[in-house]
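Beneath this line is the structure, given in structure tokens, with notes to follow.
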Amino acid sequence: MPLTVHQFPCLSDNYGYLVRDEATGLAACIDTPDAAAVLAQLKALGWRLALIMNTHWHPDHAGGNAEVQAATGAKIVGPAEVRRIAPLDRELSGGETVELGETTFEVIEAGGHTLGHIAYYDDADRIAFVGDTLFALGCGRLFEGEPAQMWASLSRLAALPDETTVYCAHEYTAANARFALSVDDDPALKARAEQIFAARERGEPTVPTTIALEKATNPFLRAPLLAARVGAADKPAHEAFAAVRAAKDNFKG
Ligand code: ZN
Ligand code: FE
């Protein structure tokens, strides 16, 4: 039986996610950006929360852990770094699995934005929760990690099946599209950017995305193909990635 995903906007540009394993009715939230919003959504859905799954320690991801746990009794799993700011019941690292009823999530090491960042992948449903590692047309800033680590993390996500639905933690897509168009003139990107600008005009979300769409249009995943455009011709892939990331960090669009 499948996993149902409920997505809701919160804070200024975060997405919160509640999921339910339909075989057992057990629910989980991916990160706790805003405890009040998570609890209100749970109440509206009538779901009982069994699990909180953190991707990384930043306050807009783990800041609501204590309050959501106090209100629901849910167990908290995530990378050890979450303990910097919030309670955690079980530490996870890449290669482990987490069960929610009959749904199994594989833990994928996704460090770079923070050193311990992880992603969750449900292979049966082809669903990934990637936190602040991979965004629609973007990727997370390297607050703690090095480009080689982030490139390895993005490469692991890019290796998931093409049809995988990718749930990112922020609505950054329009700004990401403006940057992408500055380093890439591929027709698939131009077409997608038009759709994104139109969707945002209408106030619609541009998340989730898919692995296939990101591989075709995301300038960070396409970094080796764009190397010459960012002054990294003939450099290894992670250096091309580093050059695209630096260009984005300096982009005034
Ligand atoms: Zn973050
Ligand atoms: Fe974030």
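Ordered as shown in the structure tokens, chains take letters A, B, and onward, while each chain numbers its residues from 1 and ligands are numbered from 1 in the order shown.
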Residue neighbourhood Ala212 (chain A), 7 Å, only C-alpha atoms, exclusion window fewer than 3 positions, as a list of chain:residue names = A:Asp162, A:Glu163, A:Lys215, A:Ala216
Shell of 8 Å around region 170-186 of chain A, only C-alpha atoms, local chain residues under 2 positions omitted, as a list in words | Asp13, Asn14, Tyr15, Asp132, Phe135, Ala136, Leu137, Gly138, Cys168, Ala188, Leu189, Lys190, Ala193, Ile196, Phe197, Arg200, Pro205, Thr206, Val207, Thr217, Asn218, Pro219, Leu226, Arg229, Val230, Lys248, Phe251 and Gly253 of chain A
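For the choices A:Gly231, A:Pro59, A:Gly73, A:Gly101, the atom-to-atom distance to Ile85 (chain A) is smallest for A:Pro59 when using only C-alpha atoms.
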Which one of A:Asp21, A:Glu96, A:Glu194, A:Glu109 sits closest to Ala50 (chain A) if you count only C-alpha atoms?
->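 Going through A:Asp21, A:Glu96, A:Glu194, A:Glu109 one by one, the smallest distance to Ala50 (chain A) is for A:Asp21.
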Output the neighbourhood of ligand 2 as a CSV table (one decimal) with C-alpha atoms, in the first residue's frame, that is, all protein and nucleic acid residues with some atom at most 12 Å from the ligand, counting only C-alpha atoms and all ligand atoms.
chain,number,residue,atom,x,y,z
A,10,CYS,CA,5.2,27.4,6.2
A,11,LEU,CA,7.6,30.1,7.6
A,12,SER,CA,8.6,32.4,4.7
A,13,ASP,CA,9.5,29.9,2.0
A,14,ASN,CA,9.7,26.4,3.6
A,15,TYR,CA,7.6,23.4,2.8
A,16,GLY,CA,6.5,21.1,5.6
A,31,ASP,CA,11.4,18.0,9.6
A,32,THR,CA,9.7,20.4,12.0
A,33,PRO,CA,10.0,23.9,10.4
A,34,ASP,CA,7.1,25.3,12.4
A,54,ASN,CA,14.9,15.2,10.4
A,55,THR,CA,17.2,16.0,7.5
A,56,HIS,CA,19.6,18.3,9.2
A,57,TRP,CA,20.1,20.5,12.3
A,58,HIS,CA,19.1,24.0,11.0
A,59,PRO,CA,16.3,25.6,13.1
A,60,ASP,CA,13.9,25.7,10.1
A,61,HIS,CA,14.2,21.9,10.0
A,62,ALA,CA,14.6,20.7,13.6
A,63,GLY,CA,13.5,23.8,15.6
A,113,HIS,CA,24.9,22.1,3.2
A,114,THR,CA,25.5,20.8,6.7
A,117,HIS,CA,22.7,16.2,6.2
A,130,VAL,CA,16.0,15.8,0.2
A,131,GLY,CA,15.8,18.7,2.7
A,132,ASP,CA,18.2,21.5,1.7
A,133,THR,CA,20.5,19.4,-0.5
A,134,LEU,CA,18.8,19.4,-3.9
A,135,PHE,CA,16.3,22.1,-4.9
A,139,CYS,CA,21.1,23.1,-4.5
A,140,GLY,CA,21.8,24.1,-0.9
A,141,ARG,CA,24.5,26.6,0.1
A,143,PHE,CA,27.5,26.2,5.0
A,168,CYS,CA,12.6,19.8,-1.4
A,169,ALA,CA,12.3,21.9,1.7
A,170,HIS,CA,12.1,25.4,0.1
A,171,GLU,CA,10.3,27.3,-2.6
A,172,TYR,CA,13.4,28.9,-4.2
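Minimum distance to ligand 1 across A:Leu221, A:Ala247, A:Leu92, A:Leu142 (counting only C-alpha atoms and all ligand atoms) occurs at A:Leu142.
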Mind the document's chain letters and residue numbers, and return as a ChimeraX atom specification the residues of region 25-248 of chain A that DSSP labels helix (DSSP H, G or I).
-> /A:35-45,59-62,65-72,80-84,147-158,173-183,187-201,211-217,223-230,237-248
Pick out the residues sitting within 9 Å of region 124-126 of chain A, and hand them over as a CSV table (one decimal) with all heavy atoms, in the first residue's frame; count only C-alpha atoms, and ignore anything fewer than 3 positions along from it in its own chain.
chain,number,residue,atom,x,y,z
A,2,PRO,N,0.4,2.3,-0.6
A,2,PRO,CA,1.3,3.4,-0.9
A,2,PRO,C,1.5,4.4,0.3
A,2,PRO,O,0.8,4.2,1.3
A,2,PRO,CB,0.6,4.1,-2.0
A,2,PRO,CG,-0.8,3.8,-1.9
A,2,PRO,CD,-0.9,2.4,-1.3
A,3,LEU,N,2.4,5.3,0.1
A,3,LEU,CA,2.6,6.4,1.1
A,3,LEU,C,1.9,7.6,0.5
A,3,LEU,O,2.0,8.0,-0.6
A,3,LEU,CB,4.1,6.6,1.2
A,3,LEU,CG,4.5,7.6,2.2
A,3,LEU,CD1,4.6,7.0,3.6
A,3,LEU,CD2,5.9,8.2,1.9
A,103,THR,N,6.2,1.0,5.2
A,103,THR,CA,7.0,1.8,4.3
A,103,THR,C,8.4,1.8,4.9
A,103,THR,O,8.6,2.0,6.1
A,103,THR,CB,6.5,3.2,4.2
A,103,THR,OG1,5.2,3.2,3.7
A,103,THR,CG2,7.4,4.0,3.3
A,104,THR,N,9.4,1.6,4.0
A,104,THR,CA,10.8,1.6,4.4
A,104,THR,C,11.5,2.8,3.7
A,104,THR,O,11.4,3.0,2.5
A,104,THR,CB,11.5,0.3,3.9
A,104,THR,OG1,10.9,-0.8,4.6
A,104,THR,CG2,13.0,0.4,4.3
A,121,TYR,N,14.7,8.1,1.2
A,121,TYR,CA,14.2,7.6,-0.1
A,121,TYR,C,13.3,6.3,0.1
A,121,TYR,O,13.8,5.3,0.7
A,121,TYR,CB,15.4,7.2,-1.0
A,121,TYR,CG,15.0,6.6,-2.3
A,121,TYR,CD1,14.1,7.2,-3.2
A,121,TYR,CD2,15.4,5.3,-2.6
A,121,TYR,CE1,13.7,6.6,-4.3
A,121,TYR,CE2,15.0,4.7,-3.8
A,121,TYR,CZ,14.1,5.4,-4.6
A,121,TYR,OH,13.7,4.8,-5.8
A,160,LEU,N,19.2,8.1,-8.3
A,160,LEU,CA,17.9,7.5,-8.0
A,160,LEU,C,17.2,7.4,-9.3
A,160,LEU,O,17.5,8.1,-10.3
A,160,LEU,CB,17.1,8.4,-7.0
A,160,LEU,CG,17.7,8.5,-5.6
A,160,LEU,CD1,16.9,9.5,-4.8
A,160,LEU,CD2,17.8,7.2,-4.9
A,161,PRO,N,16.1,6.5,-9.3
A,161,PRO,CA,15.4,6.4,-10.6
A,161,PRO,C,14.8,7.7,-11.1
A,161,PRO,O,14.4,8.5,-10.4
A,161,PRO,CB,14.3,5.4,-10.2
A,161,PRO,CG,14.8,4.6,-9.0
A,161,PRO,CD,15.7,5.6,-8.3
A,163,GLU,N,12.1,8.6,-12.4
A,163,GLU,CA,10.7,8.9,-12.1
A,163,GLU,C,10.5,9.3,-10.6
A,163,GLU,O,9.4,9.6,-10.2
A,163,GLU,CB,9.8,7.8,-12.5
A,163,GLU,CG,9.9,6.5,-11.7
A,163,GLU,CD,11.0,5.5,-12.2
A,163,GLU,OE1,12.0,6.0,-12.9
A,163,GLU,OE2,10.9,4.3,-11.9
A,164,THR,N,11.6,9.2,-9.8
A,164,THR,CA,11.5,9.6,-8.4
A,164,THR,C,10.9,11.0,-8.2
A,164,THR,O,11.4,11.9,-8.8
A,164,THR,CB,12.9,9.5,-7.7
A,164,THR,OG1,13.4,8.1,-7.9
A,164,THR,CG2,12.8,9.8,-6.2
A,165,THR,N,9.9,11.1,-7.4
A,165,THR,CA,9.4,12.4,-7.0
A,165,THR,C,10.2,13.0,-5.9
A,165,THR,O,10.5,12.3,-4.9
A,165,THR,CB,7.9,12.3,-6.5
A,165,THR,OG1,7.2,11.6,-7.5
A,165,THR,CG2,7.3,13.6,-6.2
A,166,VAL,N,10.7,14.2,-6.1
A,166,VAL,CA,11.7,14.8,-5.2
A,166,VAL,C,11.0,16.0,-4.4
A,166,VAL,O,10.6,17.0,-5.0
A,166,VAL,CB,12.9,15.4,-6.0
A,166,VAL,CG1,13.9,16.1,-5.0
A,166,VAL,CG2,13.6,14.2,-6.7
Just list as a PDB file with N, CA and C atoms, in the first residue's frame whatever in region 11-249 of chain A DSSP marks as strand (DSSP E).
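Done, and the output landed in out_14.pdb:
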ATOM      1  N   ASN A  14       9.484  27.841   3.421  1.00  0.00           N
ATOM      2  CA  ASN A  14       9.668  26.392   3.643  1.00  0.00           C
ATOM      3  C   ASN A  14       8.449  25.605   3.183  1.00  0.00           C
ATOM      4  N   TYR A  15       8.679  24.318   2.879  1.00  0.00           N
ATOM      5  CA  TYR A  15       7.581  23.367   2.765  1.00  0.00           C
ATOM      6  C   TYR A  15       7.681  22.376   3.912  1.00  0.00           C
ATOM      7  N   GLY A  16       6.546  22.159   4.580  1.00  0.00           N
ATOM      8  CA  GLY A  16       6.452  21.088   5.562  1.00  0.00           C
ATOM      9  C   GLY A  16       5.831  19.880   4.889  1.00  0.00           C
ATOM     10  N   TYR A  17       6.178  18.693   5.392  1.00  0.00           N
ATOM     11  CA  TYR A  17       5.641  17.454   4.816  1.00  0.00           C
ATOM     12  C   TYR A  17       5.150  16.516   5.907  1.00  0.00           C
ATOM     13  N   LEU A  18       3.908  16.050   5.743  1.00  0.00           N
ATOM     14  CA  LEU A  18       3.383  14.970   6.568  1.00  0.00           C
ATOM     15  C   LEU A  18       3.134  13.803   5.624  1.00  0.00           C
ATOM     16  N   VAL A  19       3.504  12.608   6.057  1.00  0.00           N
ATOM     17  CA  VAL A  19       3.296  11.425   5.217  1.00  0.00           C
ATOM     18  C   VAL A  19       2.544  10.382   6.037  1.00  0.00           C
ATOM     19  N   ARG A  20       1.766   9.538   5.345  1.00  0.00           N
ATOM     20  CA  ARG A  20       1.057   8.465   6.043  1.00  0.00           C
ATOM     21  C   ARG A  20       1.222   7.154   5.290  1.00  0.00           C
ATOM     22  N   ASP A  21       1.630   6.140   6.033  1.00  0.00           N
ATOM     23  CA  ASP A  21       1.698   4.779   5.501  1.00  0.00           C
ATOM     24  C   ASP A  21       0.270   4.235   5.488  1.00  0.00           C
ATOM     25  N   LEU A  26      -0.029   4.864  10.076  1.00  0.00           N
ATOM     26  CA  LEU A  26       1.009   5.577  10.839  1.00  0.00           C
ATOM     27  C   LEU A  26       1.504   6.783  10.032  1.00  0.00           C
ATOM     28  N   ALA A  27       1.684   7.918  10.727  1.00  0.00           N
ATOM     29  CA  ALA A  27       2.118   9.144  10.054  1.00  0.00           C
ATOM     30  C   ALA A  27       3.472   9.602  10.570  1.00  0.00           C
ATOM     31  N   ALA A  28       4.163  10.342   9.704  1.00  0.00           N
ATOM     32  CA  ALA A  28       5.463  10.931  10.059  1.00  0.00           C
ATOM     33  C   ALA A  28       5.511  12.344   9.513  1.00  0.00           C
ATOM     34  N   CYS A  29       6.337  13.194  10.125  1.00  0.00           N
ATOM     35  CA  CYS A  29       6.617  14.474   9.483  1.00  0.00           C
ATOM     36  C   CYS A  29       8.088  14.506   9.114  1.00  0.00           C
ATOM     37  N   ILE A  30       8.357  15.120   7.959  1.00  0.00           N
ATOM     38  CA  ILE A  30       9.737  15.301   7.529  1.00  0.00           C
ATOM     39  C   ILE A  30      10.128  16.704   7.980  1.00  0.00           C
ATOM     40  N   LEU A  49       0.619  11.210  14.722  1.00  0.00           N
ATOM     41  CA  LEU A  49       2.038  11.236  14.360  1.00  0.00           C
ATOM     42  C   LEU A  49       2.834  10.211  15.157  1.00  0.00           C
ATOM     43  N   ALA A  50       3.546   9.322  14.468  1.00  0.00           N
ATOM     44  CA  ALA A  50       4.379   8.309  15.120  1.00  0.00           C
ATOM     45  C   ALA A  50       5.857   8.673  15.071  1.00  0.00           C
ATOM     46  N   LEU A  51       6.255   9.478  14.061  1.00  0.00           N
ATOM     47  CA  LEU A  51       7.679   9.655  13.796  1.00  0.00           C
ATOM     48  C   LEU A  51       7.968  11.055  13.263  1.00  0.00           C
ATOM     49  N   ILE A  52       9.069  11.629  13.744  1.00  0.00           N
ATOM     50  CA  ILE A  52       9.616  12.872  13.199  1.00  0.00           C
ATOM     51  C   ILE A  52      10.950  12.496  12.547  1.00  0.00           C
ATOM     52  N   MET A  53      11.107  12.836  11.278  1.00  0.00           N
ATOM     53  CA  MET A  53      12.318  12.472  10.529  1.00  0.00           C
ATOM     54  C   MET A  53      13.044  13.750  10.115  1.00  0.00           C
ATOM     55  N   LYS A  75       8.370   9.597  18.058  1.00  0.00           N
ATOM     56  CA  LYS A  75       9.818   9.379  18.178  1.00  0.00           C
ATOM     57  C   LYS A  75      10.531  10.226  17.124  1.00  0.00           C
ATOM     58  N   ILE A  76      11.749  10.682  17.453  1.00  0.00           N
ATOM     59  CA  ILE A  76      12.512  11.531  16.520  1.00  0.00           C
ATOM     60  C   ILE A  76      13.745  10.789  16.025  1.00  0.00           C
ATOM     61  N   VAL A  77      13.898  10.740  14.696  1.00  0.00           N
ATOM     62  CA  VAL A  77      15.098  10.156  14.096  1.00  0.00           C
ATOM     63  C   VAL A  77      15.752  11.202  13.199  1.00  0.00           C
ATOM     64  N   GLY A  78      17.065  11.126  13.077  1.00  0.00           N
ATOM     65  CA  GLY A  78      17.770  12.086  12.224  1.00  0.00           C
ATOM     66  C   GLY A  78      19.262  11.978  12.445  1.00  0.00           C
ATOM     67  N   ARG A  90      16.876   8.624  17.894  1.00  0.00           N
ATOM     68  CA  ARG A  90      17.735   7.649  17.189  1.00  0.00           C
ATOM     69  C   ARG A  90      18.567   8.367  16.140  1.00  0.00           C
ATOM     70  N   GLU A  91      19.889   8.148  16.228  1.00  0.00           N
ATOM     71  CA  GLU A  91      20.804   8.737  15.241  1.00  0.00           C
ATOM     72  C   GLU A  91      20.823   7.885  13.982  1.00  0.00           C
ATOM     73  N   THR A  97      18.157   2.152   7.462  1.00  0.00           N
ATOM     74  CA  THR A  97      16.771   2.282   7.033  1.00  0.00           C
ATOM     75  C   THR A  97      15.903   2.681   8.218  1.00  0.00           C
ATOM     76  N   VAL A  98      14.783   3.321   7.890  1.00  0.00           N
ATOM     77  CA  VAL A  98      13.774   3.720   8.884  1.00  0.00           C
ATOM     78  C   VAL A  98      12.445   3.142   8.428  1.00  0.00           C
ATOM     79  N   GLU A  99      11.704   2.538   9.359  1.00  0.00           N
ATOM     80  CA  GLU A  99      10.398   1.969   9.014  1.00  0.00           C
ATOM     81  C   GLU A  99       9.288   2.867   9.529  1.00  0.00           C
ATOM     82  N   LEU A 100       8.284   3.075   8.664  1.00  0.00           N
ATOM     83  CA  LEU A 100       7.041   3.710   9.090  1.00  0.00           C
ATOM     84  C   LEU A 100       5.943   2.738   8.663  1.00  0.00           C
ATOM     85  N   THR A 103       6.152   0.967   5.224  1.00  0.00           N
ATOM     86  CA  THR A 103       7.007   1.761   4.329  1.00  0.00           C
ATOM     87  C   THR A 103       8.435   1.779   4.870  1.00  0.00           C
ATOM     88  N   THR A 104       9.381   1.559   3.978  1.00  0.00           N
ATOM     89  CA  THR A 104      10.796   1.611   4.361  1.00  0.00           C
ATOM     90  C   THR A 104      11.465   2.798   3.682  1.00  0.00           C
ATOM     91  N   PHE A 105      12.136   3.615   4.478  1.00  0.00           N
ATOM     92  CA  PHE A 105      12.935   4.718   3.940  1.00  0.00           C
ATOM     93  C   PHE A 105      14.406   4.357   4.040  1.00  0.00           C
ATOM     94  N   GLU A 106      15.108   4.485   2.929  1.00  0.00           N
ATOM     95  CA  GLU A 106      16.560   4.344   2.949  1.00  0.00           C
ATOM     96  C   GLU A 106      17.155   5.698   3.303  1.00  0.00           C
ATOM     97  N   VAL A 107      18.160   5.695   4.152  1.00  0.00           N
ATOM     98  CA  VAL A 107      18.842   6.929   4.532  1.00  0.00           C
ATOM     99  C   VAL A 107      20.015   7.126   3.576  1.00  0.00           C
ATOM    100  N   ILE A 108      20.034   8.291   2.924  1.00  0.00           N
ATOM    101  CA  ILE A 108      21.099   8.601   1.969  1.00  0.00           C
ATOM    102  C   ILE A 108      21.955   9.727   2.543  1.00  0.00           C
ATOM    103  N   GLU A 109      23.242   9.485   2.624  1.00  0.00           N
ATOM    104  CA  GLU A 109      24.167  10.519   3.101  1.00  0.00           C
ATOM    105  C   GLU A 109      24.139  11.672   2.104  1.00  0.00           C
ATOM    106  N   ILE A 118      21.134  14.380   5.806  1.00  0.00           N
ATOM    107  CA  ILE A 118      20.717  13.120   5.183  1.00  0.00           C
ATOM    108  C   ILE A 118      19.438  13.346   4.371  1.00  0.00           C
ATOM    109  N   ALA A 119      19.185  12.416   3.441  1.00  0.00           N
ATOM    110  CA  ALA A 119      17.939  12.407   2.680  1.00  0.00           C
ATOM    111  C   ALA A 119      17.264  11.068   2.930  1.00  0.00           C
ATOM    112  N   TYR A 120      15.966  11.010   2.662  1.00  0.00           N
ATOM    113  CA  TYR A 120      15.182   9.786   2.865  1.00  0.00           C
ATOM    114  C   TYR A 120      14.580   9.363   1.539  1.00  0.00           C
ATOM    115  N   TYR A 121      14.706   8.059   1.211  1.00  0.00           N
ATOM    116  CA  TYR A 121      14.198   7.558  -0.066  1.00  0.00           C
ATOM    117  C   TYR A 121      13.341   6.315   0.145  1.00  0.00           C
ATOM    118  N   ASP A 122      12.123   6.387  -0.335  1.00  0.00           N
ATOM    119  CA  ASP A 122      11.173   5.265  -0.290  1.00  0.00           C
ATOM    120  C   ASP A 122      11.138   4.665  -1.695  1.00  0.00           C
ATOM    121  N   ILE A 127       9.825   7.931  -3.915  1.00  0.00           N
ATOM    122  CA  ILE A 127       9.663   9.247  -3.304  1.00  0.00           C
ATOM    123  C   ILE A 127      10.930   9.562  -2.509  1.00  0.00           C
ATOM    124  N   ALA A 128      11.466  10.774  -2.673  1.00  0.00           N
ATOM    125  CA  ALA A 128      12.630  11.196  -1.901  1.00  0.00           C
ATOM    126  C   ALA A 128      12.363  12.533  -1.210  1.00  0.00           C
ATOM    127  N   PHE A 129      12.795  12.622   0.038  1.00  0.00           N
ATOM    128  CA  PHE A 129      12.767  13.887   0.790  1.00  0.00           C
ATOM    129  C   PHE A 129      14.215  14.325   0.954  1.00  0.00           C
ATOM    130  N   VAL A 130      14.556  15.450   0.342  1.00  0.00           N
ATOM    131  CA  VAL A 130      15.970  15.802   0.196  1.00  0.00           C
ATOM    132  C   VAL A 130      16.385  17.039   0.992  1.00  0.00           C
ATOM    133  N   GLY A 131      15.473  17.581   1.819  1.00  0.00           N
ATOM    134  CA  GLY A 131      15.841  18.699   2.687  1.00  0.00           C
ATOM    135  C   GLY A 131      16.390  19.872   1.903  1.00  0.00           C
ATOM    136  N   LEU A 134      19.136  19.172  -2.467  1.00  0.00           N
ATOM    137  CA  LEU A 134      18.766  19.396  -3.870  1.00  0.00           C
ATOM    138  C   LEU A 134      17.474  20.205  -3.909  1.00  0.00           C
ATOM    139  N   PHE A 135      17.473  21.293  -4.662  1.00  0.00           N
ATOM    140  CA  PHE A 135      16.256  22.076  -4.864  1.00  0.00           C
ATOM    141  C   PHE A 135      15.854  22.001  -6.334  1.00  0.00           C
ATOM    142  N   GLY A 138      18.127  23.999  -8.249  1.00  0.00           N
ATOM    143  CA  GLY A 138      19.155  24.523  -7.360  1.00  0.00           C
ATOM    144  C   GLY A 138      19.747  23.470  -6.456  1.00  0.00           C
ATOM    145  N   CYS A 139      20.585  23.929  -5.536  1.00  0.00           N
ATOM    146  CA  CYS A 139      21.094  23.073  -4.462  1.00  0.00           C
ATOM    147  C   CYS A 139      21.380  23.954  -3.262  1.00  0.00           C
ATOM    148  N   THR A 165       9.907  11.092  -7.366  1.00  0.00           N
ATOM    149  CA  THR A 165       9.371  12.393  -6.987  1.00  0.00           C
ATOM    150  C   THR A 165      10.237  12.967  -5.883  1.00  0.00           C
ATOM    151  N   VAL A 166      10.706  14.207  -6.079  1.00  0.00           N
ATOM    152  CA  VAL A 166      11.670  14.820  -5.173  1.00  0.00           C
ATOM    153  C   VAL A 166      11.006  15.970  -4.419  1.00  0.00           C
ATOM    154  N   TYR A 167      10.912  15.812  -3.108  1.00  0.00           N
ATOM    155  CA  TYR A 167      10.326  16.845  -2.260  1.00  0.00           C
ATOM    156  C   TYR A 167      11.441  17.632  -1.587  1.00  0.00           C
ATOM    157  N   CYS A 168      11.598  18.900  -1.987  1.00  0.00           N
ATOM    158  CA  CYS A 168      12.624  19.765  -1.405  1.00  0.00           C
ATOM    159  C   CYS A 168      11.985  20.628  -0.325  1.00  0.00           C
ATOM    160  N   THR A 209       9.555  18.070  -7.582  1.00  0.00           N
ATOM    161  CA  THR A 209      10.136  17.927  -8.898  1.00  0.00           C
ATOM    162  C   THR A 209      10.448  16.444  -9.097  1.00  0.00           C
ATOM    163  N   THR A 210      11.186  16.108 -10.140  1.00  0.00           N
ATOM    164  CA  THR A 210      11.593  14.705 -10.337  1.00  0.00           C
ATOM    165  C   THR A 210      13.094  14.657 -10.629  1.00  0.00           C
TER     166      THR A 210
END
Could you tell me which of A:Ala44, A:Ala227, A:Val82, A:Ala71 comes closest to ligand 1 if we count only C-alpha atoms and all ligand atoms?
->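 Of A:Ala44, A:Ala227, A:Val82, A:Ala71, the one nearest ligand 1, counting only C-alpha atoms and all ligand atoms, is A:Val82.
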Of the residues A:Ala243, A:Leu115, A:Ala159, A:Val68, which is the one nearest to ligand 1, using only C-alpha atoms and all ligand atoms?
-> A:Leu115
Please, what distance in Å, to one decimal, runs between CA of Asp123 (chain A) and CA of Pro208 (chain A)?
-> 16.4 Å
Mind giving me the straight-line distance from CA of Trp47 (chain A) to atom 1 (Zn, counted along the ligand's line) of ligand 1 in Å, one decimal?
->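 Computing the Euclidean distance for CA of Trp47 (chain A) and atom 1 (Zn, counted along the ligand's line) of ligand 1 yields 26.5 Å.
Our summary of the geometry notes that CA of Ala242 (chain A) is positioned 7.9 Å from CA of Ala148 (chain A).
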Name the closest residue to ligand 1 among the candidates A:Pro87, A:Gly95, A:Gly46, A:Gly112; distances are taken between atoms, counting only C-alpha atoms and all ligand atoms.
->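 Answer, going by the shortest atom-to-atom distance: A:Gly112.
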